[in-house]
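Okay, final06.csv now, which holds CSV, C-alpha atoms:
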chain,number,residue,atom,x,y,z
M,1,MET,CA,18.5,-6.2,1.8
M,2,LYS,CA,16.8,-7.7,-1.2
M,3,ASN,CA,13.6,-6.8,-3.1
M,4,ILE,CA,11.1,-9.5,-4.0
M,5,SER,CA,9.3,-9.2,-7.3
M,6,PHE,CA,5.9,-7.7,-6.6
M,7,LEU,CA,4.4,-9.5,-9.6
M,8,THR,CA,5.3,-12.8,-8.0
M,9,LEU,CA,4.1,-11.7,-4.6
M,10,LEU,CA,0.8,-10.1,-5.6
M,11,LEU,CA,-0.2,-12.2,-8.7
M,12,LEU,CA,-1.1,-9.2,-10.8
M,13,CYS,CA,-3.4,-7.7,-8.2
M,14,PHE,CA,-1.4,-4.4,-8.3
M,15,THR,CA,0.9,-2.8,-10.8
M,16,ASN,CA,4.3,-1.4,-9.9
M,17,SER,CA,3.9,1.3,-12.5
M,18,ILE,CA,0.9,3.4,-11.8
M,19,SER,CA,-0.2,6.9,-12.7
M,20,SER,CA,-2.5,9.7,-11.9
M,21,GLN,CA,-3.4,12.7,-14.1
M,22,SER,CA,0.1,14.3,-13.6
M,23,LEU,CA,2.3,11.7,-11.9
M,24,SER,CA,3.4,8.1,-12.3
M,25,LEU,CA,5.3,5.8,-9.8
M,26,ASP,CA,7.8,3.0,-10.3
M,27,TYR,CA,8.5,0.8,-7.3
M,28,ASP,CA,8.8,-2.7,-5.9
M,29,ILE,CA,5.9,-3.3,-3.7
M,30,TYR,CA,7.8,-5.8,-1.4
M,31,SER,CA,11.0,-5.1,0.5
M,32,TYR,CA,12.7,-7.6,2.8
M,33,SER,CA,15.1,-7.1,5.7
M,34,SER,CA,16.2,-9.3,8.6
M,35,PRO,CA,14.6,-8.7,12.0
M,36,GLY,CA,16.1,-5.8,13.9
M,37,GLU,CA,17.4,-4.1,10.7
M,38,VAL,CA,16.2,-0.9,9.0
M,39,ASN,CA,14.1,-1.9,6.0
M,40,GLU,CA,14.1,0.7,3.2
M,41,MET,CA,12.3,1.2,-0.1
M,42,LYS,CA,12.8,3.6,-3.0
M,43,ILE,CA,9.8,5.0,-5.0
M,44,TYR,CA,10.5,6.8,-8.2
M,45,VAL,CA,8.1,9.6,-9.1
M,46,THR,CA,7.7,10.9,-12.6
M,47,ASN,CA,6.2,14.2,-13.7
M,48,GLU,CA,4.2,13.4,-16.8
M,49,THR,CA,3.2,17.0,-17.5
M,50,ASP,CA,4.8,19.9,-19.4
M,51,GLN,CA,5.1,22.0,-16.2
M,52,ASN,CA,7.3,21.9,-13.1
M,53,LEU,CA,5.3,20.5,-10.2
M,54,PRO,CA,5.7,20.8,-6.4
M,55,ILE,CA,4.9,17.4,-4.9
M,56,ILE,CA,4.1,16.5,-1.3
M,57,VAL,CA,3.9,13.1,0.3
M,58,THR,CA,1.5,11.5,2.8
M,59,LYS,CA,2.2,8.3,4.8
M,60,THR,CA,-0.3,5.8,6.2
M,61,VAL,CA,0.8,2.8,8.2
M,62,ILE,CA,-1.8,0.1,7.8
M,63,THR,CA,-1.2,-2.1,10.8
M,64,ASP,CA,-2.0,-2.1,14.5
M,65,LEU,CA,1.6,-3.3,15.3
M,66,ASP,CA,3.9,-1.0,17.2
M,67,VAL,CA,6.4,-0.1,14.4
M,68,ILE,CA,8.5,2.9,13.6
M,69,SER,CA,7.9,4.1,10.1
M,70,THR,CA,9.6,7.2,8.6
M,71,PHE,CA,10.3,8.6,5.1
M,72,CYS,CA,12.6,11.1,3.4
M,73,TRP,CA,11.4,13.4,0.6
M,74,GLY,CA,14.0,15.5,-1.0
M,75,ALA,CA,16.5,16.9,1.5
M,76,THR,CA,14.1,16.4,4.5
M,77,CYS,CA,13.7,13.3,6.5
M,78,TYR,CA,10.7,13.2,8.7
M,79,THR,CA,10.0,11.8,12.2
M,80,PRO,CA,7.8,8.7,12.8
M,81,THR,CA,4.9,10.9,13.9
M,82,THR,CA,4.9,12.9,10.6
M,83,SER,CA,2.2,11.7,8.2
M,84,VAL,CA,2.4,14.6,5.7
M,85,SER,CA,5.6,16.2,4.4
M,86,THR,CA,5.9,19.8,5.4
M,87,TYR,CA,8.0,20.7,2.4
M,88,SER,CA,7.3,20.0,-1.3
M,89,GLU,CA,9.9,18.7,-3.8
M,90,VAL,CA,9.7,20.2,-7.2
M,91,ILE,CA,9.9,17.7,-10.1
M,92,ASN,CA,10.7,19.3,-13.4
M,93,SER,CA,8.5,18.6,-16.5
M,94,GLY,CA,9.1,15.1,-17.9
M,95,SER,CA,11.6,14.3,-15.1
M,96,THR,CA,11.8,11.4,-12.7
M,97,SER,CA,12.7,12.0,-9.0
M,98,SER,CA,14.6,9.4,-6.9
M,99,ALA,CA,14.3,11.7,-3.9
M,100,PHE,CA,11.9,9.4,-1.9
M,101,THR,CA,12.8,6.6,0.5
M,102,GLY,CA,10.4,5.0,3.0
M,103,TYR,CA,11.7,3.1,6.1
M,104,VAL,CA,10.6,0.8,8.8
M,105,HIS,CA,13.1,0.8,11.6
M,106,ASP,CA,14.0,-2.1,13.9
M,107,MET,CA,11.9,-4.6,11.9
M,108,PRO,CA,10.0,-7.0,14.2
M,109,SER,CA,10.6,-10.7,13.5
M,110,ASN,CA,8.4,-12.7,11.2
M,111,THR,CA,6.3,-9.6,10.3
M,112,GLU,CA,4.8,-7.8,7.3
M,113,VAL,CA,4.1,-4.1,7.6
M,114,PRO,CA,1.9,-2.5,4.9
M,115,VAL,CA,2.4,1.2,4.4
M,116,ARG,CA,0.7,3.5,1.8
M,117,PHE,CA,2.6,6.5,0.4
M,118,CYS,CA,0.7,9.0,-1.7
M,119,PHE,CA,2.2,11.7,-3.9
M,120,ALA,CA,0.1,14.8,-4.7
M,121,VAL,CA,0.5,18.0,-6.5
M,122,GLU,CA,0.7,20.7,-3.8
M,123,THR,CA,-1.5,23.1,-5.6
M,124,ASP,CA,-4.2,20.4,-6.3
M,125,ILE,CA,-4.0,17.6,-3.8
M,126,SER,CA,-6.8,15.7,-5.6
M,127,ASP,CA,-4.2,15.1,-8.4
M,128,LYS,CA,-2.4,12.2,-6.6
M,129,VAL,CA,-1.1,8.7,-7.0
M,130,CYS,CA,-0.6,6.2,-4.2
M,131,ALA,CA,1.7,3.2,-3.7
M,132,GLN,CA,0.9,0.5,-1.1
M,133,VAL,CA,4.1,-1.3,-0.2
M,134,ILE,CA,5.0,-4.1,2.2
M,135,PHE,CA,8.0,-4.0,4.5
M,136,SER,CA,8.7,-7.6,5.5
M,137,SER,CA,11.0,-9.7,7.8
M,138,MET,CA,9.3,-12.9,6.8
M,139,THR,CA,11.7,-15.7,6.0
M,140,GLU,CA,9.7,-16.6,2.9
M,141,PRO,CA,7.5,-14.0,1.3
M,142,MET,CA,3.8,-14.9,1.0
M,143,SER,CA,1.7,-14.4,-2.1
M,144,LEU,CA,-1.9,-13.3,-2.1
M,145,GLU,CA,-3.2,-16.6,-3.4
M,146,ASP,CA,-0.8,-18.8,-1.5
M,147,ASN,CA,-1.3,-17.4,2.0
M,148,ILE,CA,-0.8,-19.5,5.1
M,149,VAL,CA,-4.2,-18.4,6.4
M,150,ASP,CA,-7.3,-19.9,4.8
M,151,PHE,CA,-9.1,-16.7,4.0
M,152,ASN,CA,-11.9,-16.6,1.4
M,153,ILE,CA,-14.1,-13.9,-0.1
M,154,TYR,CA,-17.5,-14.8,-1.5
M,155,PRO,CA,-19.4,-14.4,-3.7
M,156,ASN,CA,-16.6,-13.4,-6.0
M,157,PRO,CA,-17.4,-11.7,-8.4
M,158,SER,CA,-20.2,-9.8,-6.7
M,159,SER,CA,-22.4,-6.8,-7.4
M,160,ASP,CA,-23.9,-5.8,-4.0
M,161,PHE,CA,-22.2,-7.5,-1.0
M,162,ILE,CA,-19.3,-9.8,-0.1
M,163,LYS,CA,-18.6,-12.0,2.9
M,164,PHE,CA,-15.4,-13.4,4.1
M,165,SER,CA,-14.2,-16.4,6.2
M,166,SER,CA,-10.8,-16.8,7.9
M,167,SER,CA,-9.1,-19.7,9.6
M,168,GLU,CA,-7.4,-17.2,12.0
M,169,LYS,CA,-8.9,-14.5,14.2
M,170,ILE,CA,-9.0,-11.1,12.6
M,171,TYR,CA,-7.1,-8.5,14.8
M,172,SER,CA,-7.5,-5.3,12.8
M,173,GLU,CA,-10.1,-3.4,10.8
M,174,ILE,CA,-11.0,-4.4,7.2
M,175,TYR,CA,-9.7,-2.1,4.5
M,176,ILE,CA,-10.9,-2.0,0.9
M,177,TYR,CA,-8.6,-0.5,-1.7
M,178,ASP,CA,-8.7,0.3,-5.4
M,179,LEU,CA,-5.7,-0.6,-7.6
M,180,LEU,CA,-4.2,2.8,-7.1
M,181,GLY,CA,-4.0,2.1,-3.3
M,182,ASN,CA,-6.7,4.6,-2.4
M,183,THR,CA,-8.7,3.6,0.7
M,184,LEU,CA,-12.4,3.2,-0.2
M,185,LYS,CA,-13.7,1.6,3.0
M,186,VAL,CA,-12.6,1.0,6.6
M,187,LEU,CA,-14.8,-1.4,8.5
M,188,ASN,CA,-15.0,-3.0,11.9
M,189,ASN,CA,-13.6,-6.6,11.9
M,190,SER,CA,-16.9,-8.0,13.0
M,191,ASP,CA,-18.5,-6.8,9.8
M,192,ASN,CA,-18.6,-10.2,8.0
M,193,ARG,CA,-21.1,-8.9,5.4
M,194,ILE,CA,-19.7,-5.9,3.5
M,195,ASP,CA,-21.8,-3.7,1.4
M,196,VAL,CA,-20.0,-3.0,-2.0
M,197,SER,CA,-23.0,-1.8,-4.0
M,198,ASP,CA,-21.5,1.6,-4.2
M,199,LEU,CA,-18.3,0.3,-6.0
M,200,LYS,CA,-18.0,0.5,-9.7
M,201,SER,CA,-17.1,-2.6,-11.8
M,202,GLY,CA,-13.5,-3.5,-11.4
M,203,ILE,CA,-10.9,-5.3,-9.3
M,204,TYR,CA,-10.4,-4.4,-5.6
M,205,ILE,CA,-8.3,-5.5,-2.7
M,206,LEU,CA,-9.4,-6.5,0.8
M,207,SER,CA,-6.7,-6.1,3.4
M,208,THR,CA,-6.6,-7.0,7.1
M,209,ASN,CA,-4.4,-8.6,9.7
M,210,THR,CA,-4.5,-11.8,11.8
M,211,GLU,CA,-2.2,-12.4,14.8
M,212,ASN,CA,0.6,-13.7,12.6
M,213,ASN,CA,-0.2,-12.7,9.0
M,214,SER,CA,-1.1,-9.7,6.8
M,215,ILE,CA,-4.0,-10.6,4.4
M,216,PHE,CA,-4.4,-9.2,0.9
M,217,LYS,CA,-7.2,-10.7,-1.2
M,218,ARG,CA,-8.5,-9.7,-4.6
M,219,PHE,CA,-12.2,-9.5,-5.4
M,220,THR,CA,-14.1,-8.4,-8.4
M,221,ILE,CA,-17.2,-6.1,-8.7
M,222,SER,CA,-19.3,-6.9,-11.8
M,223,LYS,CA,-22.4,-5.0,-12.7
Show me, as structure tokens, the structure contained in the file I just sent.
Amino acid sequence: MKNISFLTLLLLCFTNSISSQSLSLDYDIYSYSSPGEVNEMKIYVTNETDQNLPIIVTKTVITDLDVISTFCWGATCYTPTTSVSTYSEVINSGSTSSAFTGYVHDMPSNTEVPVRFCFAVETDISDKVCAQVIFSSMTEPMSLEDNIVDFNIYPNPSSDFIKFSSSEKIYSEIYIYDLLGNTLKVLNNSDNRIDVSDLKSGIYILSTNTENNSIFKRFTISK
């Protein structure tokens, strides 16, 4: 299995070193495996505080495809139906944990599976950081700006609304993320006009799926 540089893939839309108030993550956002294999990805979690912290994990699979996604956190590996770890893993002050691995089993052919993993302090779950990663069996990885699908967002930049056009039919909901991977909006795929007037100035990601491709497009809010 090989990892594709996420900077090449995402053209600076995300960063593979992100942080919250107490935690930071280091990871490759893109992981490749052949169809039928187990695709796995490591995420390294650092405690940036001067206290030992118990950390829990949540998992969100961002696709309508029928895939088997699991993760291990510490000594516990969870079933595909588990979305929140039932046990916390304590990370000592200033230490980095390599105890997390995410998996997609029996990778479908020619497919990209986006999954978001969030790491939160158990005693204050608002203190969290998220990583959105892509498990892929595509022969050639696609970049955000060099996608096979002709998908456009306009106006871009915008201050109050955006619209999109796609050369392929949209088969899933529309997701809007910030650069920490937090979900800000989930919209019906028929909502061609999207209200973004409540978003602050900055860079955001629109994500959705067509029949054959996962779409990730960057847009800017400027006020």
**Request:** Excluding region 64-67 of chain M and residues on its chain fewer than 6 positions from it, collect all residues at most 12 Å away from it, counting all atoms listed in the file, and give them as a ChimeraX atom specification.
**Result:** /M:36,38-39,80-81,103-109,111-115,135-136,170-174,208-214
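CA of Asn182 (chain M) lies 28.8 Å from CA of Glu37 (chain M).
One finds CA of Asp178 (chain M) at 15.6 Å from CA of Ile162 (chain M).
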Nearby residues (only C-alpha atoms) at most 9 Å from Gln21 (chain M), same-chain spacing under 4 positions excluded, as a PDB file with C-alpha atoms, in the frame of the given file:
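Saved file out-v5.pdb follows:
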ATOM      1  CA  GLU M  48       4.200  13.400 -16.800  1.00  0.00           C
ATOM      2  CA  THR M  49       3.200  17.000 -17.500  1.00  0.00           C
ATOM      3  CA  ASP M 127      -4.200  15.100  -8.400  1.00  0.00           C
ATOM      4  CA  LYS M 128      -2.400  12.200  -6.600  1.00  0.00           C
ATOM      5  CA  VAL M 129      -1.100   8.700  -7.000  1.00  0.00           C
TER       6      VAL M 129
END
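Note that CA of Val90 (chain M) and CA of Glu40 (chain M) are 22.5 Å apart.
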